[in-house]
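*Asks:* Got a file for you: query06.cif, mmCIF, N, CA and C atoms.
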```cif
data_input
#
loop_
_atom_site.label_atom_id
_atom_site.label_comp_id
_atom_site.auth_asym_id
_atom_site.auth_seq_id
_atom_site.Cartn_x
_atom_site.Cartn_y
_atom_site.Cartn_z
N MET A 16 17.91 -19.78 7.32
CA MET A 16 18.23 -19.83 8.73
C MET A 16 19.62 -19.23 8.97
N VAL A 17 19.67 -18.28 9.88
CA VAL A 17 20.93 -17.68 10.29
C VAL A 17 20.98 -17.74 11.81
N HIS A 18 22.03 -18.35 12.35
CA HIS A 18 22.16 -18.52 13.81
C HIS A 18 20.93 -19.22 14.38
N GLY A 19 20.37 -20.13 13.61
CA GLY A 19 19.23 -20.90 14.08
C GLY A 19 17.90 -20.16 14.07
N VAL A 20 17.88 -18.98 13.45
CA VAL A 20 16.65 -18.19 13.41
C VAL A 20 16.29 -17.91 11.96
N ASP A 21 15.02 -18.13 11.62
CA ASP A 21 14.55 -17.84 10.27
C ASP A 21 14.46 -16.33 10.09
N GLN A 22 15.27 -15.79 9.19
CA GLN A 22 15.31 -14.35 8.98
C GLN A 22 14.13 -13.85 8.14
N SER A 23 13.60 -14.66 7.26
CA SER A 23 12.48 -14.30 6.40
C SER A 23 12.66 -12.94 5.71
N PRO A 24 13.78 -12.75 5.01
CA PRO A 24 13.94 -11.46 4.33
C PRO A 24 12.88 -11.28 3.26
N GLY A 25 12.37 -10.11 3.17
CA GLY A 25 11.35 -9.81 2.17
C GLY A 25 9.95 -10.17 2.59
N ALA A 26 9.78 -10.74 3.76
CA ALA A 26 8.44 -11.08 4.23
C ALA A 26 7.64 -9.80 4.39
N GLY A 27 6.54 -9.71 3.72
CA GLY A 27 5.73 -8.50 3.80
C GLY A 27 6.06 -7.49 2.72
N GLY A 28 6.94 -7.86 1.81
CA GLY A 28 7.28 -6.96 0.71
C GLY A 28 8.65 -6.35 0.84
N TRP A 29 8.99 -5.63 -0.19
CA TRP A 29 10.30 -4.97 -0.23
C TRP A 29 10.10 -3.48 -0.21
N PRO A 30 10.97 -2.66 0.31
CA PRO A 30 12.16 -3.11 1.02
C PRO A 30 11.81 -3.59 2.41
N THR A 31 12.58 -4.53 2.90
CA THR A 31 12.41 -5.02 4.27
C THR A 31 13.47 -4.35 5.13
N VAL A 32 13.07 -3.72 6.20
CA VAL A 32 14.00 -3.09 7.12
C VAL A 32 14.00 -3.93 8.39
N ARG A 33 15.20 -4.40 8.74
CA ARG A 33 15.35 -5.19 9.96
C ARG A 33 16.30 -4.45 10.88
N TYR A 34 16.12 -4.64 12.18
CA TYR A 34 17.02 -4.04 13.15
C TYR A 34 17.46 -5.11 14.14
N PHE A 35 18.62 -4.88 14.71
CA PHE A 35 19.22 -5.84 15.62
C PHE A 35 19.72 -5.11 16.86
N ASN A 36 19.34 -5.61 18.03
CA ASN A 36 19.83 -5.06 19.29
C ASN A 36 19.80 -6.18 20.34
N LYS A 37 20.08 -5.86 21.58
CA LYS A 37 20.09 -6.88 22.64
C LYS A 37 18.74 -7.57 22.78
N GLU A 38 17.68 -6.80 22.62
CA GLU A 38 16.34 -7.36 22.80
C GLU A 38 15.96 -8.33 21.70
N THR A 39 16.39 -8.07 20.46
CA THR A 39 16.00 -8.91 19.33
C THR A 39 16.95 -10.08 19.14
N GLY A 40 18.19 -9.95 19.59
CA GLY A 40 19.18 -11.01 19.40
C GLY A 40 19.57 -11.16 17.94
N TYR A 41 20.15 -12.33 17.61
CA TYR A 41 20.63 -12.57 16.25
C TYR A 41 19.51 -12.51 15.22
N GLY A 42 18.33 -12.92 15.60
CA GLY A 42 17.22 -12.96 14.66
C GLY A 42 16.75 -11.60 14.21
N GLY A 43 16.96 -10.60 15.05
CA GLY A 43 16.49 -9.27 14.70
C GLY A 43 14.97 -9.21 14.66
N ALA A 44 14.48 -8.10 14.20
CA ALA A 44 13.03 -7.92 14.07
C ALA A 44 12.78 -6.99 12.89
N THR A 45 11.59 -7.07 12.34
CA THR A 45 11.25 -6.21 11.21
C THR A 45 10.74 -4.87 11.71
N TYR A 46 10.90 -3.88 10.89
CA TYR A 46 10.42 -2.53 11.20
C TYR A 46 8.91 -2.55 11.36
N PRO A 47 8.38 -2.06 12.48
CA PRO A 47 6.93 -1.99 12.65
C PRO A 47 6.37 -0.72 12.00
N LYS A 48 5.70 -0.87 10.87
CA LYS A 48 5.18 0.30 10.16
C LYS A 48 4.20 1.07 11.03
N LYS A 49 4.21 2.39 10.85
CA LYS A 49 3.36 3.27 11.65
C LYS A 49 2.24 3.90 10.84
N THR A 50 2.33 3.79 9.52
CA THR A 50 1.32 4.39 8.65
C THR A 50 0.94 3.39 7.57
N GLN A 51 0.03 3.81 6.70
CA GLN A 51 -0.35 2.98 5.56
C GLN A 51 0.46 3.33 4.32
N MET A 52 1.40 4.26 4.45
CA MET A 52 2.23 4.65 3.31
C MET A 52 3.16 3.51 2.91
N ALA A 53 3.66 3.58 1.68
CA ALA A 53 4.67 2.63 1.24
C ALA A 53 5.90 2.81 2.13
N MET A 54 6.64 1.73 2.35
CA MET A 54 7.80 1.77 3.24
C MET A 54 8.79 2.85 2.81
N CYS A 55 9.04 2.95 1.49
CA CYS A 55 10.01 3.94 1.01
C CYS A 55 9.54 5.37 1.28
N ASP A 56 8.23 5.59 1.32
CA ASP A 56 7.70 6.92 1.63
C ASP A 56 7.70 7.18 3.14
N GLU A 57 7.31 6.16 3.90
CA GLU A 57 7.25 6.32 5.35
C GLU A 57 8.63 6.64 5.93
N LEU A 58 9.65 5.96 5.46
CA LEU A 58 10.99 6.17 5.99
C LEU A 58 11.82 7.15 5.16
N GLY A 59 11.19 7.74 4.16
CA GLY A 59 11.88 8.67 3.26
C GLY A 59 12.15 10.02 3.88
N PRO A 60 12.80 10.89 3.10
CA PRO A 60 13.24 12.19 3.62
C PRO A 60 12.12 13.18 3.95
N LYS A 61 10.90 12.93 3.48
CA LYS A 61 9.80 13.86 3.74
C LYS A 61 9.13 13.62 5.09
N GLU A 62 9.46 12.53 5.73
CA GLU A 62 8.84 12.16 7.01
C GLU A 62 9.91 12.05 8.10
N ASP A 63 9.49 12.05 9.36
CA ASP A 63 10.41 11.94 10.50
C ASP A 63 10.48 10.54 11.09
N TYR A 64 9.86 9.57 10.43
CA TYR A 64 9.77 8.24 11.01
C TYR A 64 11.11 7.52 11.11
N MET A 65 12.04 7.78 10.18
CA MET A 65 13.35 7.11 10.25
C MET A 65 14.09 7.55 11.51
N GLN A 66 14.10 8.84 11.79
CA GLN A 66 14.77 9.32 13.00
C GLN A 66 14.10 8.74 14.24
N GLN A 67 12.77 8.74 14.26
CA GLN A 67 12.05 8.17 15.40
C GLN A 67 12.41 6.70 15.59
N PHE A 68 12.47 5.96 14.47
CA PHE A 68 12.78 4.54 14.52
C PHE A 68 14.16 4.30 15.12
N VAL A 69 15.16 5.04 14.65
CA VAL A 69 16.52 4.88 15.15
C VAL A 69 16.59 5.22 16.64
N GLU A 70 15.91 6.29 17.03
CA GLU A 70 15.92 6.68 18.44
C GLU A 70 15.22 5.65 19.31
N GLU A 71 14.08 5.14 18.86
CA GLU A 71 13.32 4.17 19.64
C GLU A 71 14.08 2.86 19.80
N GLN A 72 14.52 2.29 18.70
CA GLN A 72 15.16 0.98 18.75
C GLN A 72 16.58 1.05 19.29
N GLY A 73 17.22 2.19 19.14
CA GLY A 73 18.57 2.35 19.66
C GLY A 73 18.60 2.83 21.10
N GLY A 74 17.44 3.21 21.62
CA GLY A 74 17.37 3.71 22.99
C GLY A 74 18.20 4.97 23.16
N THR A 75 18.19 5.82 22.16
CA THR A 75 18.99 7.03 22.19
C THR A 75 18.17 8.21 21.71
N SER A 76 18.80 9.35 21.66
CA SER A 76 18.12 10.55 21.21
C SER A 76 19.14 11.49 20.58
N LEU A 77 18.73 12.20 19.55
CA LEU A 77 19.59 13.21 18.94
C LEU A 77 19.62 14.48 19.77
N CYS A 78 18.74 14.56 20.74
CA CYS A 78 18.66 15.74 21.60
C CYS A 78 19.83 15.75 22.57
N LYS A 79 20.54 16.86 22.60
CA LYS A 79 21.66 17.04 23.52
C LYS A 79 21.33 18.18 24.47
N VAL A 80 21.53 17.97 25.76
CA VAL A 80 21.15 18.97 26.75
C VAL A 80 21.94 20.27 26.62
N ASP A 81 23.11 20.20 25.99
CA ASP A 81 23.92 21.41 25.79
C ASP A 81 23.60 22.14 24.50
N LYS A 82 22.85 21.48 23.60
CA LYS A 82 22.52 22.07 22.30
C LYS A 82 21.03 21.85 22.01
N LEU A 83 20.19 22.55 22.71
CA LEU A 83 18.75 22.36 22.60
C LEU A 83 18.19 22.73 21.24
N ASP A 84 18.88 23.58 20.50
CA ASP A 84 18.37 24.02 19.21
C ASP A 84 18.54 22.98 18.11
N THR A 85 19.33 21.95 18.37
CA THR A 85 19.59 20.93 17.37
C THR A 85 19.07 19.58 17.83
N GLY A 86 18.06 19.05 17.18
CA GLY A 86 17.59 17.69 17.45
C GLY A 86 16.62 17.52 18.59
N CYS A 87 16.26 18.57 19.30
CA CYS A 87 15.34 18.44 20.43
C CYS A 87 13.93 18.89 20.04
N THR A 88 12.96 18.11 20.47
CA THR A 88 11.57 18.51 20.27
C THR A 88 11.18 19.51 21.35
N ASP A 89 10.04 20.16 21.17
CA ASP A 89 9.55 21.09 22.19
C ASP A 89 9.32 20.37 23.52
N LYS A 90 8.82 19.16 23.44
CA LYS A 90 8.56 18.36 24.64
C LYS A 90 9.87 18.09 25.39
N GLN A 91 10.92 17.73 24.65
CA GLN A 91 12.21 17.47 25.27
C GLN A 91 12.80 18.75 25.86
N LYS A 92 12.67 19.86 25.16
CA LYS A 92 13.19 21.14 25.65
C LYS A 92 12.52 21.52 26.98
N THR A 93 11.20 21.35 27.04
CA THR A 93 10.46 21.65 28.27
C THR A 93 10.93 20.75 29.40
N PHE A 94 11.10 19.47 29.10
CA PHE A 94 11.55 18.50 30.10
C PHE A 94 12.94 18.85 30.62
N ILE A 95 13.85 19.19 29.73
CA ILE A 95 15.21 19.56 30.13
C ILE A 95 15.19 20.83 30.97
N GLY A 96 14.37 21.80 30.57
CA GLY A 96 14.24 23.04 31.34
C GLY A 96 13.76 22.79 32.75
N LYS A 97 12.83 21.85 32.89
CA LYS A 97 12.28 21.51 34.20
C LYS A 97 13.33 20.85 35.10
N TRP A 98 14.17 19.99 34.53
CA TRP A 98 15.09 19.19 35.32
C TRP A 98 16.50 19.76 35.43
N SER A 99 16.88 20.68 34.59
CA SER A 99 18.28 21.13 34.57
C SER A 99 18.72 21.82 35.85
N GLY A 100 17.82 22.34 36.65
CA GLY A 100 18.21 22.99 37.89
C GLY A 100 18.22 22.08 39.11
N LYS A 101 17.87 20.83 38.93
CA LYS A 101 17.77 19.88 40.06
C LYS A 101 19.15 19.39 40.51
N PRO A 102 19.25 18.89 41.74
CA PRO A 102 20.51 18.33 42.23
C PRO A 102 20.90 17.07 41.45
N GLY A 103 22.21 16.83 41.32
CA GLY A 103 22.72 15.72 40.52
C GLY A 103 22.25 14.35 40.94
N ASP A 104 22.04 14.10 42.24
CA ASP A 104 21.62 12.78 42.69
C ASP A 104 20.20 12.43 42.22
N GLU A 105 19.41 13.43 41.93
CA GLU A 105 18.04 13.19 41.43
C GLU A 105 18.06 12.49 40.08
N PHE A 106 19.04 12.81 39.24
CA PHE A 106 19.11 12.22 37.90
C PHE A 106 19.31 10.72 37.97
N GLY A 107 20.18 10.28 38.86
CA GLY A 107 20.42 8.85 39.03
C GLY A 107 19.18 8.11 39.51
N LYS A 108 18.46 8.72 40.44
CA LYS A 108 17.23 8.11 40.96
C LYS A 108 16.19 7.96 39.86
N GLN A 109 16.02 9.02 39.08
CA GLN A 109 15.04 8.98 38.00
C GLN A 109 15.46 7.98 36.91
N LEU A 110 16.74 7.92 36.65
CA LEU A 110 17.26 6.98 35.65
C LEU A 110 17.00 5.55 36.08
N GLU A 111 17.23 5.25 37.35
CA GLU A 111 16.94 3.90 37.88
C GLU A 111 15.46 3.59 37.79
N ARG A 112 14.62 4.56 38.15
CA ARG A 112 13.18 4.36 38.10
C ARG A 112 12.71 4.06 36.68
N LEU A 113 13.17 4.86 35.73
CA LEU A 113 12.76 4.66 34.34
C LEU A 113 13.31 3.36 33.77
N SER A 114 14.54 3.02 34.11
CA SER A 114 15.14 1.77 33.64
C SER A 114 14.34 0.57 34.12
N ALA A 115 13.95 0.60 35.39
CA ALA A 115 13.15 -0.50 35.94
C ALA A 115 11.79 -0.57 35.26
N MET A 116 11.20 0.58 35.02
CA MET A 116 9.89 0.63 34.38
C MET A 116 9.96 0.08 32.95
N VAL A 117 10.99 0.46 32.21
CA VAL A 117 11.13 0.01 30.83
C VAL A 117 11.42 -1.48 30.77
N SER A 118 12.30 -1.97 31.64
CA SER A 118 12.64 -3.40 31.61
C SER A 118 11.49 -4.27 32.10
N LYS A 119 10.72 -3.78 33.06
CA LYS A 119 9.61 -4.56 33.62
C LYS A 119 8.35 -4.46 32.76
N ASP A 120 7.99 -3.23 32.40
CA ASP A 120 6.71 -3.00 31.72
C ASP A 120 6.85 -2.59 30.26
N GLY A 121 8.06 -2.58 29.73
CA GLY A 121 8.29 -2.10 28.37
C GLY A 121 7.45 -2.78 27.32
N SER A 122 7.27 -4.09 27.45
CA SER A 122 6.52 -4.83 26.43
C SER A 122 5.03 -4.53 26.50
N SER A 123 4.54 -4.09 27.65
CA SER A 123 3.11 -3.80 27.77
C SER A 123 2.80 -2.31 27.59
N MET A 124 3.84 -1.49 27.47
CA MET A 124 3.63 -0.05 27.30
C MET A 124 3.27 0.25 25.85
N LYS A 125 2.50 1.31 25.66
CA LYS A 125 2.22 1.77 24.31
C LYS A 125 3.53 2.28 23.71
N ALA A 126 3.64 2.21 22.39
CA ALA A 126 4.88 2.59 21.70
C ALA A 126 5.30 4.02 22.03
N GLU A 127 4.34 4.93 22.08
CA GLU A 127 4.67 6.33 22.36
C GLU A 127 5.19 6.50 23.79
N ALA A 128 4.59 5.81 24.75
CA ALA A 128 5.02 5.90 26.14
C ALA A 128 6.41 5.30 26.32
N LEU A 129 6.66 4.19 25.65
CA LEU A 129 7.97 3.55 25.73
C LEU A 129 9.03 4.45 25.10
N SER A 130 8.72 5.03 23.97
CA SER A 130 9.65 5.94 23.30
C SER A 130 9.98 7.14 24.18
N TRP A 131 8.97 7.73 24.80
CA TRP A 131 9.18 8.89 25.67
C TRP A 131 10.01 8.51 26.90
N ALA A 132 9.77 7.31 27.44
CA ALA A 132 10.56 6.85 28.59
C ALA A 132 12.03 6.71 28.19
N LYS A 133 12.29 6.17 27.01
CA LYS A 133 13.67 6.01 26.54
C LYS A 133 14.32 7.37 26.27
N GLN A 134 13.55 8.31 25.76
CA GLN A 134 14.08 9.66 25.52
C GLN A 134 14.46 10.32 26.85
N ARG A 135 13.58 10.15 27.85
CA ARG A 135 13.88 10.72 29.16
C ARG A 135 15.12 10.09 29.77
N MET A 136 15.28 8.77 29.57
CA MET A 136 16.47 8.09 30.07
C MET A 136 17.73 8.69 29.43
N ALA A 137 17.69 8.91 28.13
CA ALA A 137 18.84 9.50 27.44
C ALA A 137 19.14 10.89 27.98
N ILE A 138 18.11 11.66 28.26
CA ILE A 138 18.29 13.02 28.80
C ILE A 138 18.87 12.95 30.21
N PHE A 139 18.33 12.05 31.05
CA PHE A 139 18.85 11.92 32.41
C PHE A 139 20.31 11.48 32.42
N LYS A 140 20.69 10.60 31.50
CA LYS A 140 22.10 10.18 31.41
C LYS A 140 22.99 11.38 31.13
N GLN A 141 22.55 12.24 30.22
CA GLN A 141 23.34 13.43 29.90
C GLN A 141 23.39 14.40 31.08
N LEU A 142 22.25 14.62 31.72
CA LEU A 142 22.22 15.54 32.87
C LEU A 142 23.08 15.02 34.02
N LYS A 143 23.04 13.70 34.22
CA LYS A 143 23.85 13.09 35.28
C LYS A 143 25.33 13.26 34.99
N ALA A 144 25.73 12.99 33.75
CA ALA A 144 27.14 13.14 33.36
C ALA A 144 27.59 14.58 33.50
N LYS A 145 26.73 15.50 33.14
CA LYS A 145 27.05 16.94 33.25
C LYS A 145 27.20 17.34 34.72
N ALA A 146 26.35 16.81 35.58
CA ALA A 146 26.40 17.14 37.01
C ALA A 146 27.65 16.58 37.68
N GLU A 147 28.15 15.47 37.16
CA GLU A 147 29.32 14.82 37.76
C GLU A 147 30.63 15.49 37.37
N LEU A 148 30.58 16.41 36.42
CA LEU A 148 31.82 17.10 36.00
C LEU A 148 32.33 18.03 37.05
#
```
Just dump the structure as structure tokens.
*Replies:*
Amino acid sequence: MVHGVDQSPGAGGWPTVRYFNKETGYGGATYPKKTQMAMCDELGPKEDYMQQFVEEQGGTSLCKVDKLDTGCTDKQKTFIGKWSGKPGDEFGKQLERLSAMVSKDGSSMKAEALSWAKQRMAIFKQLKAKAEL
């Protein structure tokens, strides 16, 4: 027991990957496997799952609107291209809409939809900051 929460390290085998954020609190949560591969293979250097995991649980993205060639997927590049010419106030509106959607419906959304919503939020934050300069 740590902070009144059973951590259960090693539950489900080793290695156990746990993450901690505002949503999980002190207890944290275990990594939700996405494949039938061994954990060390799934999160290893030959796969992209570790980056996806960090981006999903951290609510962030390696994609930067000023450097599309580094860390951006084709889907993100298309999205940025579509929105980069819009007026600055639109970014705030979309950010509010997505934030409300994620906080209200995040637990019922499919993992891919939730991940994409968080990626869009990260992009809108960058576009908004860029527009305010």
*Asks:* Could you give me the residues within segment 23-115 of chain A that DSSP places in strand (DSSP E), as a list in words?
*Replies:* Arg33, Tyr34, Ala44 and Thr45 of chain A
*Asks:* If you measure from atom CA of Gln66 of chain A to atom CA of Arg135 of chain A, what distance in Å do you get, rounded to one decimal?
*Replies:*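 For atom CA of Gln66 of chain A relative to atom CA of Arg135 of chain A, the distance reads 16.2 Å.
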*Asks:* Taking the file as shown, what set of residues would the PyMOL selection byres (((chain A and resi 49-63 and name CA) around 12) and name CA) give back, as a PDB file with N, CA and C atoms, in the frame of the given file?
*Replies:*
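Produced file selection_17.pdb, reproduced below:
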```pdb
ATOM      1  N   GLY A  27       6.540  -9.710   3.720  1.00  0.00           N
ATOM      2  CA  GLY A  27       5.730  -8.500   3.800  1.00  0.00           C
ATOM      3  C   GLY A  27       6.060  -7.490   2.720  1.00  0.00           C
ATOM      4  N   GLY A  28       6.940  -7.860   1.810  1.00  0.00           N
ATOM      5  CA  GLY A  28       7.280  -6.960   0.710  1.00  0.00           C
ATOM      6  C   GLY A  28       8.650  -6.350   0.840  1.00  0.00           C
ATOM      7  N   TRP A  29       8.990  -5.630  -0.190  1.00  0.00           N
ATOM      8  CA  TRP A  29      10.300  -4.970  -0.230  1.00  0.00           C
ATOM      9  C   TRP A  29      10.100  -3.480  -0.210  1.00  0.00           C
ATOM     10  N   PRO A  30      10.970  -2.660   0.310  1.00  0.00           N
ATOM     11  CA  PRO A  30      12.160  -3.110   1.020  1.00  0.00           C
ATOM     12  C   PRO A  30      11.810  -3.590   2.410  1.00  0.00           C
ATOM     13  N   THR A  31      12.580  -4.530   2.900  1.00  0.00           N
ATOM     14  CA  THR A  31      12.410  -5.020   4.270  1.00  0.00           C
ATOM     15  C   THR A  31      13.470  -4.350   5.130  1.00  0.00           C
ATOM     16  N   VAL A  32      13.070  -3.720   6.200  1.00  0.00           N
ATOM     17  CA  VAL A  32      14.000  -3.090   7.120  1.00  0.00           C
ATOM     18  C   VAL A  32      14.000  -3.930   8.390  1.00  0.00           C
ATOM     19  N   THR A  45      11.590  -7.070  12.340  1.00  0.00           N
ATOM     20  CA  THR A  45      11.250  -6.210  11.210  1.00  0.00           C
ATOM     21  C   THR A  45      10.740  -4.870  11.710  1.00  0.00           C
ATOM     22  N   TYR A  46      10.900  -3.880  10.890  1.00  0.00           N
ATOM     23  CA  TYR A  46      10.420  -2.530  11.200  1.00  0.00           C
ATOM     24  C   TYR A  46       8.910  -2.550  11.360  1.00  0.00           C
ATOM     25  N   PRO A  47       8.380  -2.060  12.480  1.00  0.00           N
ATOM     26  CA  PRO A  47       6.930  -1.990  12.650  1.00  0.00           C
ATOM     27  C   PRO A  47       6.370  -0.720  12.000  1.00  0.00           C
ATOM     28  N   LYS A  48       5.700  -0.870  10.870  1.00  0.00           N
ATOM     29  CA  LYS A  48       5.180   0.300  10.160  1.00  0.00           C
ATOM     30  C   LYS A  48       4.200   1.070  11.030  1.00  0.00           C
ATOM     31  N   TYR A  64       9.860   9.570  10.430  1.00  0.00           N
ATOM     32  CA  TYR A  64       9.770   8.240  11.010  1.00  0.00           C
ATOM     33  C   TYR A  64      11.110   7.520  11.110  1.00  0.00           C
ATOM     34  N   MET A  65      12.040   7.780  10.180  1.00  0.00           N
ATOM     35  CA  MET A  65      13.350   7.110  10.250  1.00  0.00           C
ATOM     36  C   MET A  65      14.090   7.550  11.510  1.00  0.00           C
ATOM     37  N   GLN A  66      14.100   8.840  11.790  1.00  0.00           N
ATOM     38  CA  GLN A  66      14.770   9.320  13.000  1.00  0.00           C
ATOM     39  C   GLN A  66      14.100   8.740  14.240  1.00  0.00           C
ATOM     40  N   GLN A  67      12.770   8.740  14.260  1.00  0.00           N
ATOM     41  CA  GLN A  67      12.050   8.170  15.400  1.00  0.00           C
ATOM     42  C   GLN A  67      12.410   6.700  15.590  1.00  0.00           C
ATOM     43  N   PHE A  68      12.470   5.960  14.470  1.00  0.00           N
ATOM     44  CA  PHE A  68      12.780   4.540  14.520  1.00  0.00           C
ATOM     45  C   PHE A  68      14.160   4.300  15.120  1.00  0.00           C
ATOM     46  N   VAL A  69      15.160   5.040  14.650  1.00  0.00           N
ATOM     47  CA  VAL A  69      16.520   4.880  15.150  1.00  0.00           C
ATOM     48  C   VAL A  69      16.590   5.220  16.640  1.00  0.00           C
ATOM     49  N   GLU A  70      15.910   6.290  17.030  1.00  0.00           N
ATOM     50  CA  GLU A  70      15.920   6.680  18.440  1.00  0.00           C
ATOM     51  C   GLU A  70      15.220   5.650  19.310  1.00  0.00           C
ATOM     52  N   GLY A  86      18.060  19.050  17.180  1.00  0.00           N
ATOM     53  CA  GLY A  86      17.590  17.690  17.450  1.00  0.00           C
ATOM     54  C   GLY A  86      16.620  17.520  18.590  1.00  0.00           C
ATOM     55  N   THR A  88      12.960  18.110  20.470  1.00  0.00           N
ATOM     56  CA  THR A  88      11.570  18.510  20.270  1.00  0.00           C
ATOM     57  C   THR A  88      11.180  19.510  21.350  1.00  0.00           C
ATOM     58  N   ALA A 126       3.640   2.210  22.390  1.00  0.00           N
ATOM     59  CA  ALA A 126       4.880   2.590  21.700  1.00  0.00           C
ATOM     60  C   ALA A 126       5.300   4.020  22.030  1.00  0.00           C
ATOM     61  N   GLU A 127       4.340   4.930  22.080  1.00  0.00           N
ATOM     62  CA  GLU A 127       4.670   6.330  22.360  1.00  0.00           C
ATOM     63  C   GLU A 127       5.190   6.500  23.790  1.00  0.00           C
TER      64      GLU A 127
END
```
*Asks:* Extract, using only C-alpha atoms, all DNA, RNA and protein residues at most 12 Å from Glu105 of chain A, discarding same-chain residues fewer than 3 positions from it, and format them as number ranges by chain.
*Replies:* A: 98-102, 108-112, 139-140, 142-143, 146-147
*Asks:* Pull the helix (DSSP H, G or I) assignments for chain A out of DSSP run on the backbone, and list those residues as an MDAnalysis selection string.
*Replies:* chainID A and resid 40:42 54:57 64:73 89:98 103:120 126:146
*Asks:* Neighbouring residues of Ala137 of chain A were defined as those with any atom within 6 Å, considering all atoms listed in the file; residues of the same chain fewer than 3 positions away were excluded. Please report them as a list in words.
*Replies:*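 Returned residues: Thr75, Ser76, Lys133, Gln134, Lys140 and Gln141 of chain A.
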*Asks:* Just how far from atom CA of Gly107 of chain A is atom CA of Lys92 of chain A, in Å to one decimal?
*Replies:*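 One can read the atom CA of Lys92 of chain A to atom CA of Gly107 of chain A distance as 19.6 Å.
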*Asks:* Enter the distance from atom N of Asp104 of chain A to atom C of Lys37 of chain A, in Å, rounded to one decimal.
*Replies:*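 Interatomic distance here is 29.3 Å.
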*Asks:* List as a PyMOL selection string the residues having at least one atom at most 10 Å from position (20.3, 21.4, 25.5) as given in the file, counting only C-alpha atoms.
*Replies:* chain A and resi 78-87+91-92+95-96+99+138+141-142
*Asks:* Residues near Gly43 of chain A, anyone? I mean within 7 Å using all atoms listed in the file, not counting same-chain ones fewer than 3 positions away, as a list in words.
*Replies:*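 Counting only the stated atoms, we get Arg33, Tyr34, Phe35, Asn36, Thr39 and Gly40 of chain A.
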*Asks:* I need the residue nearest Lys145 of chain A from this list: A:Gly121, A:Gln72, A:Ala128, A:Gly103. Use only N, CA and C atoms for the distance.
*Replies:*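 Answer, going by the shortest atom-to-atom distance: A:Gly103.
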